[in-house]
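Colleague: Enclosed is the structure file work_34.tsv (TSV, C-alpha atoms and all ligand atoms).
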```tsv
chain	number	residue	atom	x	y	z
A	1	MET	CA	-15.86	-6.16	14.31
A	2	ASP	CA	-15.77	-3.22	12.01
A	3	ASP	CA	-15.35	-0.07	14.04
A	4	VAL	CA	-14.79	2.04	10.97
A	5	GLU	CA	-15.42	5.75	10.52
A	6	LYS	CA	-16.19	6.55	14.13
A	7	GLY	CA	-14.67	9.96	14.57
A	8	HIS	CA	-11.24	9.39	13.02
A	9	GLY	CA	-9.72	9.40	9.60
A	10	PRO	CA	-9.35	11.88	6.80
A	11	ALA	CA	-13.07	12.35	6.17
A	12	VAL	CA	-13.27	13.82	9.65
A	13	LEU	CA	-10.02	15.76	9.21
A	14	ALA	CA	-11.34	17.25	5.99
A	15	GLY	CA	-14.58	18.10	7.75
A	16	ASP	CA	-12.70	19.80	10.58
A	17	ALA	CA	-10.64	21.85	8.14
A	18	ALA	CA	-13.74	22.90	6.25
A	19	ALA	CA	-15.51	23.83	9.49
A	20	ALA	CA	-12.46	25.82	10.62
A	21	ALA	CA	-12.52	27.68	7.32
A	22	GLY	CA	-16.19	28.45	7.87
A	23	GLU	CA	-17.27	26.28	4.96
A	24	GLU	CA	-19.94	23.66	4.91
A	25	ALA	CA	-18.46	20.22	5.55
A	26	GLU	CA	-19.01	17.58	2.87
A	27	SER	CA	-21.65	15.21	4.10
A	28	VAL	CA	-20.76	12.21	1.94
A	29	PRO	CA	-17.05	11.32	1.83
A	30	THR	CA	-15.84	10.00	-1.49
A	31	ALA	CA	-14.37	6.53	-1.58
A	32	ASP	CA	-11.32	5.90	-3.77
A	33	VAL	CA	-11.67	2.14	-3.42
A	34	GLU	CA	-14.75	0.03	-2.83
A	35	LEU	CA	-14.79	-3.75	-2.66
A	36	LEU	CA	-18.00	-5.64	-2.22
A	37	ASN	CA	-17.83	-9.35	-1.50
A	38	ILE	CA	-14.65	-9.81	-3.55
A	39	HIS	CA	-13.48	-13.35	-4.22
A	40	LYS	CA	-10.27	-14.37	-5.95
A	41	THR	CA	-9.56	-17.98	-6.77
A	42	TYR	CA	-6.36	-18.94	-8.55
A	43	LEU	CA	-6.32	-22.06	-10.63
A	44	LEU	CA	-3.34	-24.21	-9.72
A	45	GLY	CA	-3.33	-27.31	-11.91
A	46	LEU	CA	-6.78	-28.75	-11.41
A	47	GLU	CA	-7.24	-27.20	-7.99
A	48	GLY	CA	-8.60	-23.79	-7.10
A	49	VAL	CA	-6.73	-21.77	-4.47
A	50	ALA	CA	-9.08	-19.36	-2.72
A	51	ALA	CA	-6.88	-16.33	-2.02
A	52	LEU	CA	-9.77	-13.96	-1.21
A	53	ARG	CA	-13.05	-15.18	0.17
A	54	GLY	CA	-15.58	-12.39	0.33
A	55	VAL	CA	-13.73	-9.16	1.13
A	56	SER	CA	-15.75	-5.97	1.54
A	57	LEU	CA	-13.89	-2.75	2.21
A	58	ARG	CA	-14.36	0.93	1.53
A	59	ILE	CA	-11.35	3.23	1.56
A	60	GLU	CA	-11.97	6.96	1.57
A	61	HIS	CA	-10.03	9.55	-0.36
A	62	GLY	CA	-7.00	10.63	1.67
A	63	GLU	CA	-7.11	7.65	3.98
A	64	TRP	CA	-4.05	5.61	4.96
A	65	VAL	CA	-4.86	1.97	5.52
A	66	ILE	CA	-2.33	-0.57	6.73
A	67	VAL	CA	-2.97	-4.24	5.95
A	68	TYR	CA	-1.59	-6.86	8.31
A	69	GLY	CA	-2.12	-10.56	8.45
A	70	THR	CA	-0.88	-14.10	8.37
A	71	SER	CA	1.38	-15.22	5.55
A	72	GLY	CA	-0.83	-16.46	2.73
A	73	GLY	CA	-3.75	-14.52	4.24
A	74	GLY	CA	-4.46	-12.74	0.96
A	75	LYS	CA	-2.79	-9.35	1.46
A	76	THR	CA	-0.89	-9.25	-1.83
A	77	SER	CA	-3.87	-10.71	-3.67
A	78	LEU	CA	-5.98	-7.88	-2.27
A	79	LEU	CA	-3.45	-5.27	-3.36
A	80	ASN	CA	-3.22	-6.81	-6.85
A	81	ILE	CA	-7.00	-6.73	-7.21
A	82	ILE	CA	-7.20	-3.10	-6.09
A	83	GLY	CA	-4.27	-2.30	-8.37
A	84	THR	CA	-6.14	-3.92	-11.30
A	85	ILE	CA	-3.19	-6.23	-11.92
A	86	ASP	CA	-5.60	-9.08	-11.26
A	87	LYS	CA	-9.33	-9.21	-11.77
A	88	PRO	CA	-11.66	-10.59	-9.11
A	89	THR	CA	-13.28	-13.95	-9.71
A	90	LYS	CA	-16.49	-12.65	-8.15
A	91	GLY	CA	-17.76	-9.49	-6.48
A	92	GLU	CA	-17.90	-5.80	-7.20
A	93	LEU	CA	-14.87	-3.53	-7.35
A	94	ARG	CA	-14.72	0.19	-7.90
A	95	VAL	CA	-11.39	1.99	-8.16
A	96	CYS	CA	-11.38	5.77	-8.49
A	97	ASP	CA	-14.99	5.74	-9.69
A	98	VAL	CA	-14.40	3.08	-12.33
A	99	LEU	CA	-16.36	-0.13	-11.98
A	100	ILE	CA	-14.04	-3.07	-12.65
A	101	GLN	CA	-15.71	-6.16	-14.02
A	102	PRO	CA	-14.42	-9.43	-15.45
A	103	ASN	CA	-14.93	-8.05	-18.97
A	104	THR	CA	-13.29	-4.65	-18.39
A	105	PRO	CA	-10.84	-4.25	-21.28
A	106	ASP	CA	-7.13	-4.48	-20.45
A	107	ASP	CA	-6.35	-1.06	-21.91
A	108	THR	CA	-8.94	0.54	-19.61
A	109	LEU	CA	-7.20	-1.14	-16.69
A	110	ALA	CA	-3.79	-0.04	-17.97
A	111	ASN	CA	-5.05	3.56	-18.10
A	112	ILE	CA	-6.33	3.37	-14.53
A	113	ARG	CA	-2.95	2.12	-13.43
A	114	LEU	CA	-1.07	4.82	-15.28
A	115	GLU	CA	-3.34	7.71	-14.33
A	116	LYS	CA	-4.71	6.91	-10.92
A	117	LEU	CA	-2.46	4.42	-9.19
A	118	GLY	CA	1.11	4.23	-8.00
A	119	PHE	CA	2.85	1.01	-6.94
A	120	VAL	CA	5.71	0.42	-4.54
A	121	PHE	CA	6.94	-3.06	-3.71
A	122	GLN	CA	9.41	-4.59	-1.31
A	123	THR	CA	12.03	-5.22	-3.98
A	124	PHE	CA	12.93	-1.92	-5.52
A	125	ASN	CA	12.29	-2.93	-9.13
A	126	LEU	CA	14.36	-0.24	-10.73
A	127	LEU	CA	15.68	-0.97	-14.19
A	128	PRO	CA	19.44	-1.27	-13.70
A	129	THR	CA	20.35	0.24	-17.06
A	130	LEU	CA	18.42	3.46	-16.42
A	131	ASN	CA	19.58	6.11	-14.01
A	132	ALA	CA	17.29	7.44	-11.26
A	133	ILE	CA	15.61	10.14	-13.32
A	134	GLU	CA	15.09	7.85	-16.33
A	135	ASN	CA	13.54	5.23	-14.06
A	136	VAL	CA	11.14	7.85	-12.72
A	137	GLU	CA	10.27	8.97	-16.26
A	138	LEU	CA	9.50	5.46	-17.46
A	139	PRO	CA	5.77	5.23	-16.61
A	140	MET	CA	5.28	8.69	-18.15
A	141	VAL	CA	7.06	7.53	-21.31
A	142	MET	CA	4.74	4.52	-21.43
A	143	HIS	CA	1.70	6.73	-20.95
A	144	GLY	CA	2.83	8.91	-23.83
A	145	GLN	CA	0.83	12.01	-22.83
A	146	LEU	CA	3.59	14.38	-21.82
A	147	SER	CA	6.34	16.06	-23.77
A	148	ARG	CA	9.91	15.09	-23.01
A	149	GLN	CA	10.42	18.35	-21.17
A	150	GLU	CA	7.29	17.93	-19.06
A	151	ARG	CA	8.34	14.40	-18.15
A	152	ARG	CA	11.75	15.57	-17.09
A	153	GLN	CA	10.30	18.39	-14.99
A	154	ARG	CA	7.92	16.05	-13.23
A	155	ALA	CA	10.62	13.49	-12.63
A	156	GLU	CA	12.92	16.16	-11.21
A	157	TYR	CA	10.15	17.43	-8.98
A	158	SER	CA	9.36	13.91	-7.70
A	159	LEU	CA	13.00	13.16	-6.98
A	160	GLU	CA	13.38	16.48	-5.14
A	161	LYS	CA	10.26	15.60	-3.18
A	162	VAL	CA	11.80	12.35	-1.93
A	163	GLY	CA	15.06	14.09	-1.09
A	164	LEU	CA	17.09	12.76	-4.01
A	165	GLY	CA	17.67	15.87	-6.05
A	166	HIS	CA	21.40	15.19	-5.72
A	167	ARG	CA	21.15	11.60	-6.99
A	168	MET	CA	19.20	12.08	-10.22
A	169	PHE	CA	21.85	10.69	-12.53
A	170	HIS	CA	22.96	7.80	-10.35
A	171	TYR	CA	22.31	4.28	-11.57
A	172	PRO	CA	20.46	1.99	-9.14
A	173	HIS	CA	23.60	0.09	-8.17
A	174	LYS	CA	25.16	3.35	-7.06
A	175	LEU	CA	22.28	4.05	-4.69
A	176	SER	CA	21.72	2.64	-1.22
A	177	GLY	CA	18.69	0.43	-0.58
A	178	GLY	CA	16.86	3.30	1.09
A	179	GLU	CA	17.65	5.61	-1.82
A	180	GLN	CA	16.48	3.02	-4.34
A	181	GLN	CA	13.20	2.66	-2.52
A	182	ARG	CA	12.79	6.43	-2.52
A	183	VAL	CA	13.37	6.44	-6.29
A	184	THR	CA	10.57	3.88	-6.66
A	185	ILE	CA	8.35	6.14	-4.58
A	186	ALA	CA	9.33	9.10	-6.77
A	187	ARG	CA	8.39	6.98	-9.79
A	188	ALA	CA	5.09	5.98	-8.21
A	189	ILE	CA	4.11	9.57	-7.42
A	190	ALA	CA	5.37	11.20	-10.63
A	191	ASN	CA	1.96	10.89	-12.26
A	192	SER	CA	0.28	12.30	-9.14
A	193	PRO	CA	-1.72	9.15	-8.46
A	194	LYS	CA	-4.83	9.27	-6.32
A	195	VAL	CA	-3.98	5.98	-4.66
A	196	LEU	CA	-0.59	4.61	-3.67
A	197	LEU	CA	-0.39	0.83	-3.22
A	198	LEU	CA	2.54	-0.42	-1.18
A	199	ASP	CA	3.44	-4.06	-0.57
A	200	GLU	CA	5.96	-4.28	2.26
A	201	PRO	CA	7.80	-1.14	1.14
A	202	THR	CA	10.12	-1.21	4.13
A	203	GLY	CA	10.64	-4.98	4.14
A	204	ASP	CA	14.20	-4.74	2.80
A	205	LEU	CA	15.19	-1.60	4.70
A	206	ASP	CA	17.04	-0.98	7.94
A	207	THR	CA	15.43	1.08	10.68
A	208	VAL	CA	16.91	4.40	9.59
A	209	ASN	CA	15.69	4.01	6.03
A	210	THR	CA	12.35	2.65	7.23
A	211	ARG	CA	11.88	5.88	9.18
A	212	ARG	CA	12.80	7.94	6.14
A	213	VAL	CA	10.30	6.14	3.95
A	214	MET	CA	7.61	6.42	6.61
A	215	ALA	CA	8.25	10.16	6.93
A	216	LEU	CA	7.91	10.51	3.19
A	217	LEU	CA	4.67	8.55	3.13
A	218	HIS	CA	3.33	10.51	6.07
A	219	ASN	CA	3.95	13.78	4.22
A	220	LEU	CA	2.41	12.54	0.99
A	221	ASN	CA	-0.67	11.43	2.87
A	222	ARG	CA	-0.99	14.53	5.00
A	223	GLU	CA	-0.02	17.23	2.51
A	224	GLN	CA	-1.29	15.81	-0.75
A	225	LYS	CA	-4.14	13.73	0.68
A	226	MET	CA	-2.82	10.76	-1.24
A	227	THR	CA	-4.78	7.64	-0.37
A	228	MET	CA	-2.45	4.87	0.75
A	229	ILE	CA	-2.97	1.15	1.12
A	230	MET	CA	0.11	-0.45	2.59
A	231	VAL	CA	0.82	-4.09	3.37
A	232	THR	CA	3.42	-4.62	6.06
A	233	HIS	CA	4.56	-7.18	8.63
A	234	ASP	CA	6.11	-4.48	10.80
A	235	VAL	CA	3.75	-3.93	13.73
A	236	SER	CA	5.65	-0.85	14.84
A	237	LEU	CA	4.30	1.01	11.80
A	238	LYS	CA	0.61	0.55	12.41
A	239	HIS	CA	0.02	3.79	14.28
A	240	PHE	CA	0.91	5.85	11.23
A	241	ALA	CA	-2.30	4.80	9.48
A	242	HIS	CA	-5.90	5.83	9.98
A	243	ARG	CA	-7.05	2.23	9.99
A	244	VAL	CA	-5.51	-1.21	10.27
A	245	VAL	CA	-7.07	-4.10	8.37
A	246	TYR	CA	-6.21	-7.62	9.55
A	247	MET	CA	-6.46	-10.35	6.90
A	248	ARG	CA	-6.70	-14.05	7.61
A	249	ASP	CA	-7.59	-16.95	5.31
A	250	GLY	CA	-8.66	-14.61	2.54
A	251	LYS	CA	-11.02	-12.63	4.72
A	252	VAL	CA	-10.95	-9.39	6.69
A	253	ALA	CA	-10.72	-10.68	10.25
A	254	ARG	CA	-10.79	-7.31	11.98
A	255	ILE	CA	-10.48	-3.57	11.35
A	256	GLU	CA	-9.06	-1.16	13.91
A	257	THR	CA	-9.25	2.59	13.83
A	258	VAL	CA	-6.11	4.36	15.05
A	259	PRO	CA	-6.96	7.25	17.37
A	260	ASP	CA	-5.65	10.63	16.21
A	261	ALA	CA	-3.61	11.00	19.40
A	262	GLN	CA	-1.77	7.78	18.61
A	263	ARG	CA	-1.08	8.85	15.03
A	264	ASN	CA	0.28	12.18	16.20
A	265	LYS	CA	2.50	10.41	18.73
A	266	ALA	CA	3.87	8.02	16.07
A	267	TRP	CA	4.79	11.04	13.96
A	268	ALA	CA	6.32	12.95	16.87
A	269	ASP	CA	8.39	9.87	17.86
A	270	LEU	CA	9.60	9.50	14.29
A	271	GLN	CA	10.72	13.11	14.13
A	272	ALA	CA	12.51	12.82	17.47
A	273	GLU	CA	14.36	9.70	16.33
A	274	ALA	CA	15.27	11.36	13.03
A	275	ALA	CA	16.68	14.37	14.88
A	276	ALA	CA	18.74	12.10	17.15
A	277	ASN	CA	20.05	10.23	14.14
A	278	LYS	CA	21.02	13.45	12.42
A	279	THR	CA	23.15	14.37	15.38
A	280	ILE	CA	24.86	10.98	15.31
A	281	ALA	CA	25.44	11.31	11.55
A	282	GLU	CA	26.90	14.79	11.96
A	283	GLU	CA	29.24	13.57	14.66
A	284	ALA	CA	30.36	10.69	12.45
A	285	GLN	CA	31.03	13.00	9.50
A	286	GLY	CA	34.61	12.97	8.41
A	287	SER	CA	35.28	9.51	9.76
A	288	GLY	CA	34.76	8.10	6.26
A	289	GLY	CA	32.05	5.72	5.19
A	290	PRO	CA	31.91	2.63	3.02
A	291	ILE	CA	32.62	3.10	-0.67
A	292	THR	CA	30.77	1.25	-3.34
A	293	VAL	CA	32.33	-0.86	-6.08
A	294	PHE	CA	30.83	0.04	-9.44
A	295	LYS	CA	29.97	-2.59	-11.96
A	296	ASP	CA	28.19	-2.72	-15.31
A	297	PRO	CA	24.57	-3.68	-14.51
A	298	ARG	CA	24.62	-6.23	-17.33
A	299	GLU	CA	27.21	-8.20	-15.40
A	300	TYR	CA	24.76	-9.00	-12.64
A	301	ALA	CA	23.24	-12.46	-12.64
A	302	THR	CA	19.91	-10.79	-11.95
A	303	TYR	CA	20.03	-8.62	-15.07
A	304	SER	CA	17.01	-9.41	-17.18
A	305	LYS	CA	16.35	-9.19	-20.90
A	306	GLN	CA	13.10	-7.52	-19.83
A	307	SER	CA	15.10	-4.33	-19.36
A	308	ASP	CA	16.27	-4.40	-22.98
A	309	ALA	CA	12.74	-4.98	-24.22
A	310	ILE	CA	11.50	-1.95	-22.34
A	311	LEU	CA	14.53	0.13	-23.21
A	312	SER	CA	13.97	-0.46	-26.90
A	313	LEU	CA	10.65	1.40	-26.60
A	314	LEU	CA	12.22	4.49	-25.15
A	315	PRO	CA	13.24	7.56	-27.09
A	316	PRO	CA	16.99	8.15	-27.31
A	317	LEU	CA	18.46	9.22	-24.04
A	318	PRO	CA	20.16	12.58	-23.65
A	319	ILE	CA	23.80	12.73	-24.60
A	320	GLY	CA	25.96	11.46	-21.81
A	321	SER	CA	23.39	9.17	-20.24
A	322	ALA	CA	22.72	6.82	-23.13
A	323	ASN	CA	25.75	4.71	-22.52
A	324	TYR	CA	26.67	3.15	-19.32
A	325	SER	CA	30.06	4.52	-18.51
A	326	MET	CA	32.46	2.43	-16.53
A	327	PRO	CA	33.72	3.98	-13.35
A	328	PRO	CA	37.22	5.32	-13.00
A	329	ALA	CA	39.90	2.80	-12.20
A	330	ALA	CA	39.94	1.53	-8.66
A	331	SER	CA	41.55	3.98	-6.35
A	332	LYS	CA	43.51	3.23	-3.23
A	333	GLN	CA	40.46	3.85	-1.15
A	334	GLN	CA	38.49	1.30	-3.10
A	335	SER	CA	40.57	-1.52	-1.72
A	336	LEU	CA	38.82	-0.90	1.59
A	337	LEU	CA	35.49	-1.30	-0.04
A	338	SER	CA	32.23	-2.70	0.99
A	339	VAL	CA	30.50	-4.11	-2.04
A	340	GLN	CA	26.95	-3.00	-2.52
A	341	VAL	CA	24.44	-5.75	-3.13
A	342	PRO	CA	23.21	-5.51	-6.71
A	343	PRO	CA	19.53	-4.73	-7.10
A	344	ALA	CA	17.51	-7.88	-7.55
A	345	MET	CA	15.57	-7.93	-10.75
A	346	PRO	CA	11.97	-7.36	-9.87
A	347	SER	CA	9.96	-10.37	-8.89
A	348	ALA	CA	6.81	-8.26	-8.91
A	349	LEU	CA	7.79	-7.00	-12.35
A	350	ALA	CA	8.35	-10.54	-13.53
A	351	SER	CA	5.13	-11.84	-12.04
A	352	ALA	CA	3.15	-8.90	-13.38
A	353	THR	CA	4.64	-9.51	-16.80
A	354	ALA	CA	3.78	-13.18	-16.51
A	355	ALA	CA	0.24	-12.24	-15.51
A	356	ALA	CA	0.06	-9.90	-18.48
A	357	ALA	CA	1.35	-12.60	-20.77
A	358	VAL	CA	-1.64	-14.76	-19.93
A	359	SER	CA	-3.94	-12.19	-21.46
A	360	ALA	CA	-1.44	-11.06	-24.09
A	361	ALA	CA	-3.14	-13.14	-26.74
A	362	THR	CA	-5.97	-10.64	-26.77
A	363	ALA	CA	-4.39	-7.58	-25.19
A	364	PRO	CA	-2.23	-5.14	-27.15
A	365	PRO	CA	1.44	-5.65	-26.25
A	366	LEU	CA	1.71	-2.10	-24.94
A	367	ALA	CA	-1.03	-2.76	-22.41
A	368	ALA	CA	0.92	-5.76	-21.20
A	369	LEU	CA	4.07	-3.67	-20.95
A	370	SER	CA	2.31	-0.91	-19.12
A	371	ILE	CA	1.43	-3.45	-16.46
A	372	ALA	CA	5.05	-4.33	-16.15
A	373	THR	CA	6.45	-0.84	-16.11
A	374	ASN	CA	3.93	0.72	-13.80
A	375	VAL	CA	4.46	-1.94	-11.17
A	376	VAL	CA	7.41	-0.37	-9.48
B	1	LIG	N1	-0.72	-16.67	-8.75
B	1	LIG	C1	-1.13	-17.53	-7.82
B	1	LIG	N2	-1.47	-18.80	-8.15
B	1	LIG	C2	-1.90	-19.68	-7.22
B	1	LIG	N3	-2.05	-19.37	-5.92
B	1	LIG	C3	-1.73	-18.13	-5.52
B	1	LIG	C4	-1.25	-17.15	-6.45
B	1	LIG	N4	-1.00	-16.01	-5.76
B	1	LIG	C5	-1.31	-16.27	-4.48
B	1	LIG	N5	-1.75	-17.53	-4.34
B	1	LIG	C6	-2.18	-18.16	-3.09
B	1	LIG	O1	-3.19	-17.34	-2.53
B	1	LIG	C7	-3.03	-17.26	-1.12
B	1	LIG	C8	-2.87	-15.82	-0.72
B	1	LIG	O2	-1.61	-15.37	-1.21
B	1	LIG	P1	-1.07	-13.88	-0.99
B	1	LIG	O3	0.16	-13.75	-1.79
B	1	LIG	O4	-2.17	-12.93	-1.28
B	1	LIG	O5	-0.76	-13.89	0.58
B	1	LIG	P2	-0.06	-12.77	1.47
B	1	LIG	O6	-1.02	-12.46	2.59
B	1	LIG	O7	0.39	-11.65	0.65
B	1	LIG	O8	1.16	-13.58	2.09
B	1	LIG	P3	2.65	-13.05	2.50
B	1	LIG	O9	2.49	-12.33	3.80
B	1	LIG	O10	3.42	-14.32	2.66
B	1	LIG	O11	3.17	-12.20	1.40
B	1	LIG	C9	-1.86	-18.14	-0.75
B	1	LIG	O12	-2.35	-19.40	-0.36
B	1	LIG	C10	-1.08	-18.25	-2.04
B	1	LIG	O13	-0.40	-19.47	-2.12
B	2	MG	MG	2.33	-10.87	0.13
```
As structure tokens - that is how I would like this structure written.
Modeller:
Amino acid sequence: MDDVEKGHGPAVLAGDAAAAAGEEAESVPTADVELLNIHKTYLLGLEGVAALRGVSLRIEHGEWVIVYGTSGGGKTSLLNIIGTIDKPTKGELRVCDVLIQPNTPDDTLANIRLEKLGFVFQTFNLLPTLNAIENVELPMVMHGQLSRQERRQRAEYSLEKVGLGHRMFHYPHKLSGGEQQRVTIARAIANSPKVLLLDEPTGDLDTVNTRRVMALLHNLNREQKMTMIMVTHDVSLKHFAHRVVYMRDGKVARIETVPDAQRNKAWADLQAEAAANKTIAEEAQGSGGPITVFKDPREYATYSKQSDAILSLLPPLPIGSANYSMPPAASKQQSLLSVQVPPAMPSALASATAAAAVSAATAPPLAALSIATNVV
């Protein structure tokens, strides 16, 4: 069943590097996530829904794990438990050396989320009234530990890292789907999390943008040793990870280790495809692309009052970005437009907020909000 840690994975890579450098290899790899016999049962009316039924898993620092499985198999529930958005009904959970128990205070969990974890979900979950850089700054604002200047520097760095240095002041509706997802990744990595949790991050993306996001994740994992736990339905992505966990009926049905040769090939194929695409894009340059119609985010049906609630906690924005400015009048070209789909207001954000609201009677409101804002 579990053919884990048999000569592959980052623990071995780290050991190899240490040996190459003439240092003594670490004998005991450190786990970022440990689950021992985790159960999660949701109460639905009078009935209990068993989403997780005894999951045990250990994920090492620097490892990339992909989670596959049947719909309803418990993948999102697993991610929510690891992300401390939900607490297990039974079992032992350790995230970044913190033991999570049913009585762990909500503000402790909020701190783990803000300091150690980054979240990326299928829907991009950017606040429509904030531009890219303000969206990236948001979790840092909530955390309240950095000066305004430090926050801005980190946000700039993160956006550069995901290749969006030229889009910092664009509002979400002026970004493509792939760019929006890269902003959410920039937001998730701005606090330099140890663990990145991703729930179908490429689910809403076309193949070109899927490749871009995968390249970004690959680099974060390889260069920064960021641990990644990624749920996906896309089987073509599985060879990017060190291990693949298959979930069924709330249990781990199988775990596969991806051989290093296969991982290297996945990466080489991705680079080759990216290079081919670049050539196509260069050839197409000058032929003119689709132009986006701009619209006040508040006009979207999906605009949520949640945004206003969060915005009211923010310090004043720099001059020029505080007010949404309407675009220039429609030009001739804009009559040929393709209209960009407005960003859906975050379902994960809404559900996380709802989850927070359940415990809001006892939890400080800021802890509840930090759940909402750090789920990106
Ligand atoms: N908040 C909730 N309340 C009640 N039942 C829930 C809740 N969240 C999940 N479930 C149930 O738990 C089970 C596992 O759900 P989960 O969302 O983890 O599945 P999944 O593997 O992520 O599925 P998918 O691939 O469709 O996203 C399902 O039967 C689901 O209906
Ligand atoms: Mg799911």
Colleague: Any residue with an atom at most 9 Å from ligand LIG 1 (chain B) counts, using all atoms listed in the file. Which are they? Put them as a PDB file with C-alpha atoms, in the frame of the given file.
Modeller:
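As a result, result_34.pdb now contains:
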```pdb
ATOM      1  CA  LYS A  40     -10.270 -14.370  -5.950  1.00  0.00           C
ATOM      2  CA  THR A  41      -9.560 -17.980  -6.770  1.00  0.00           C
ATOM      3  CA  TYR A  42      -6.360 -18.940  -8.550  1.00  0.00           C
ATOM      4  CA  LEU A  43      -6.320 -22.060 -10.630  1.00  0.00           C
ATOM      5  CA  LEU A  44      -3.340 -24.210  -9.720  1.00  0.00           C
ATOM      6  CA  GLY A  48      -8.600 -23.790  -7.100  1.00  0.00           C
ATOM      7  CA  VAL A  49      -6.730 -21.770  -4.470  1.00  0.00           C
ATOM      8  CA  ALA A  50      -9.080 -19.360  -2.720  1.00  0.00           C
ATOM      9  CA  ALA A  51      -6.880 -16.330  -2.020  1.00  0.00           C
ATOM     10  CA  LEU A  52      -9.770 -13.960  -1.210  1.00  0.00           C
ATOM     11  CA  TYR A  68      -1.590  -6.860   8.310  1.00  0.00           C
ATOM     12  CA  GLY A  69      -2.120 -10.560   8.450  1.00  0.00           C
ATOM     13  CA  THR A  70      -0.880 -14.100   8.370  1.00  0.00           C
ATOM     14  CA  SER A  71       1.380 -15.220   5.550  1.00  0.00           C
ATOM     15  CA  GLY A  72      -0.830 -16.460   2.730  1.00  0.00           C
ATOM     16  CA  GLY A  73      -3.750 -14.520   4.240  1.00  0.00           C
ATOM     17  CA  GLY A  74      -4.460 -12.740   0.960  1.00  0.00           C
ATOM     18  CA  LYS A  75      -2.790  -9.350   1.460  1.00  0.00           C
ATOM     19  CA  THR A  76      -0.890  -9.250  -1.830  1.00  0.00           C
ATOM     20  CA  SER A  77      -3.870 -10.710  -3.670  1.00  0.00           C
ATOM     21  CA  LEU A  78      -5.980  -7.880  -2.270  1.00  0.00           C
ATOM     22  CA  LEU A  79      -3.450  -5.270  -3.360  1.00  0.00           C
ATOM     23  CA  ASN A  80      -3.220  -6.810  -6.850  1.00  0.00           C
ATOM     24  CA  ASP A 199       3.440  -4.060  -0.570  1.00  0.00           C
ATOM     25  CA  GLU A 200       5.960  -4.280   2.260  1.00  0.00           C
ATOM     26  CA  VAL A 231       0.820  -4.090   3.370  1.00  0.00           C
ATOM     27  CA  THR A 232       3.420  -4.620   6.060  1.00  0.00           C
ATOM     28  CA  HIS A 233       4.560  -7.180   8.630  1.00  0.00           C
ATOM     29  CA  MET A 247      -6.460 -10.350   6.900  1.00  0.00           C
ATOM     30  CA  ARG A 248      -6.700 -14.050   7.610  1.00  0.00           C
ATOM     31  CA  ASP A 249      -7.590 -16.950   5.310  1.00  0.00           C
ATOM     32  CA  GLY A 250      -8.660 -14.610   2.540  1.00  0.00           C
ATOM     33  CA  SER A 351       5.130 -11.840 -12.040  1.00  0.00           C
ATOM     34  CA  ALA A 355       0.240 -12.240 -15.510  1.00  0.00           C
TER      35      ALA A 355
END
```
Colleague: Would you compute the distance between atom CA of Lys174 of chain A and atom CA of Leu127 of chain A? Give it in Å to one decimal.
Modeller: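 Between atom CA of Lys174 of chain A and atom CA of Leu127 of chain A the gap is 12.6 Å.
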Colleague: Suppose you want the space between atom CA of Pro259 of chain A and atom CA of Val245 of chain A; what is it in Å?
Modeller: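 Separation between atom CA of Pro259 of chain A and atom CA of Val245 of chain A: 14.5 Å.
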Colleague: Can you measure atom CA of Met168 of chain A to atom CA of Phe240 of chain A for me? One decimal in Å is fine.
Modeller: 28.9 Å
Colleague: Would you tabulate, counting only C-alpha atoms, all residues of segment 22-73 of chain A that have an atom at most 10 Å from an atom of segment 98-109 of chain A, showing the closest pair of atoms and their distance in Å to one decimal, sorted by chain then ascending number, as a tab-separated table?
Modeller:
```
residue	atom	partner	partner_atom	distance
A:Asp32	CA	A:Val98	CA	9.5
A:Val33	CA	A:Val98	CA	9.4
A:Glu34	CA	A:Leu99	CA	9.3
```
Colleague: Which residue, A:Asp204, A:Glu47, A:Glu273, A:Glu63, has the smallest gap to His218 of chain A when you use only C-alpha atoms?
Modeller: A:Glu63
Colleague: Using all atoms listed in the file, which residue out of A:Thr123, A:Lys265, A:Glu179, A:Asn37 lies closest to ligand MG 2 (chain B)?
Modeller: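 Counting all atoms listed in the file, the residue closest to ligand MG 2 (chain B) is A:Thr123.
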Colleague: Show me the residues close to (15.7, 16.5, -8.8) - anything with an atom within 12 Å, counting all atoms listed in the file - and format the list as a count of residues only.
Modeller: 27
Colleague: Could you tell me which of A:Thr30, A:Asn135, A:Gln122, A:Gln271 comes closest to ligand MG 2 (chain B) if we count only C-alpha atoms and all ligand atoms?
Modeller: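 So, comparing all the options, the nearest one is A:Gln122.
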Colleague: Ranking A:Val235, A:Val208, A:Leu57, A:Leu198 by minimum distance to ligand MG 2 (chain B) and counting only C-alpha atoms and all ligand atoms, which one comes first?
Modeller: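 Between A:Val235, A:Val208, A:Leu57, A:Leu198, the residue approaching ligand MG 2 (chain B) most closely is A:Leu198.
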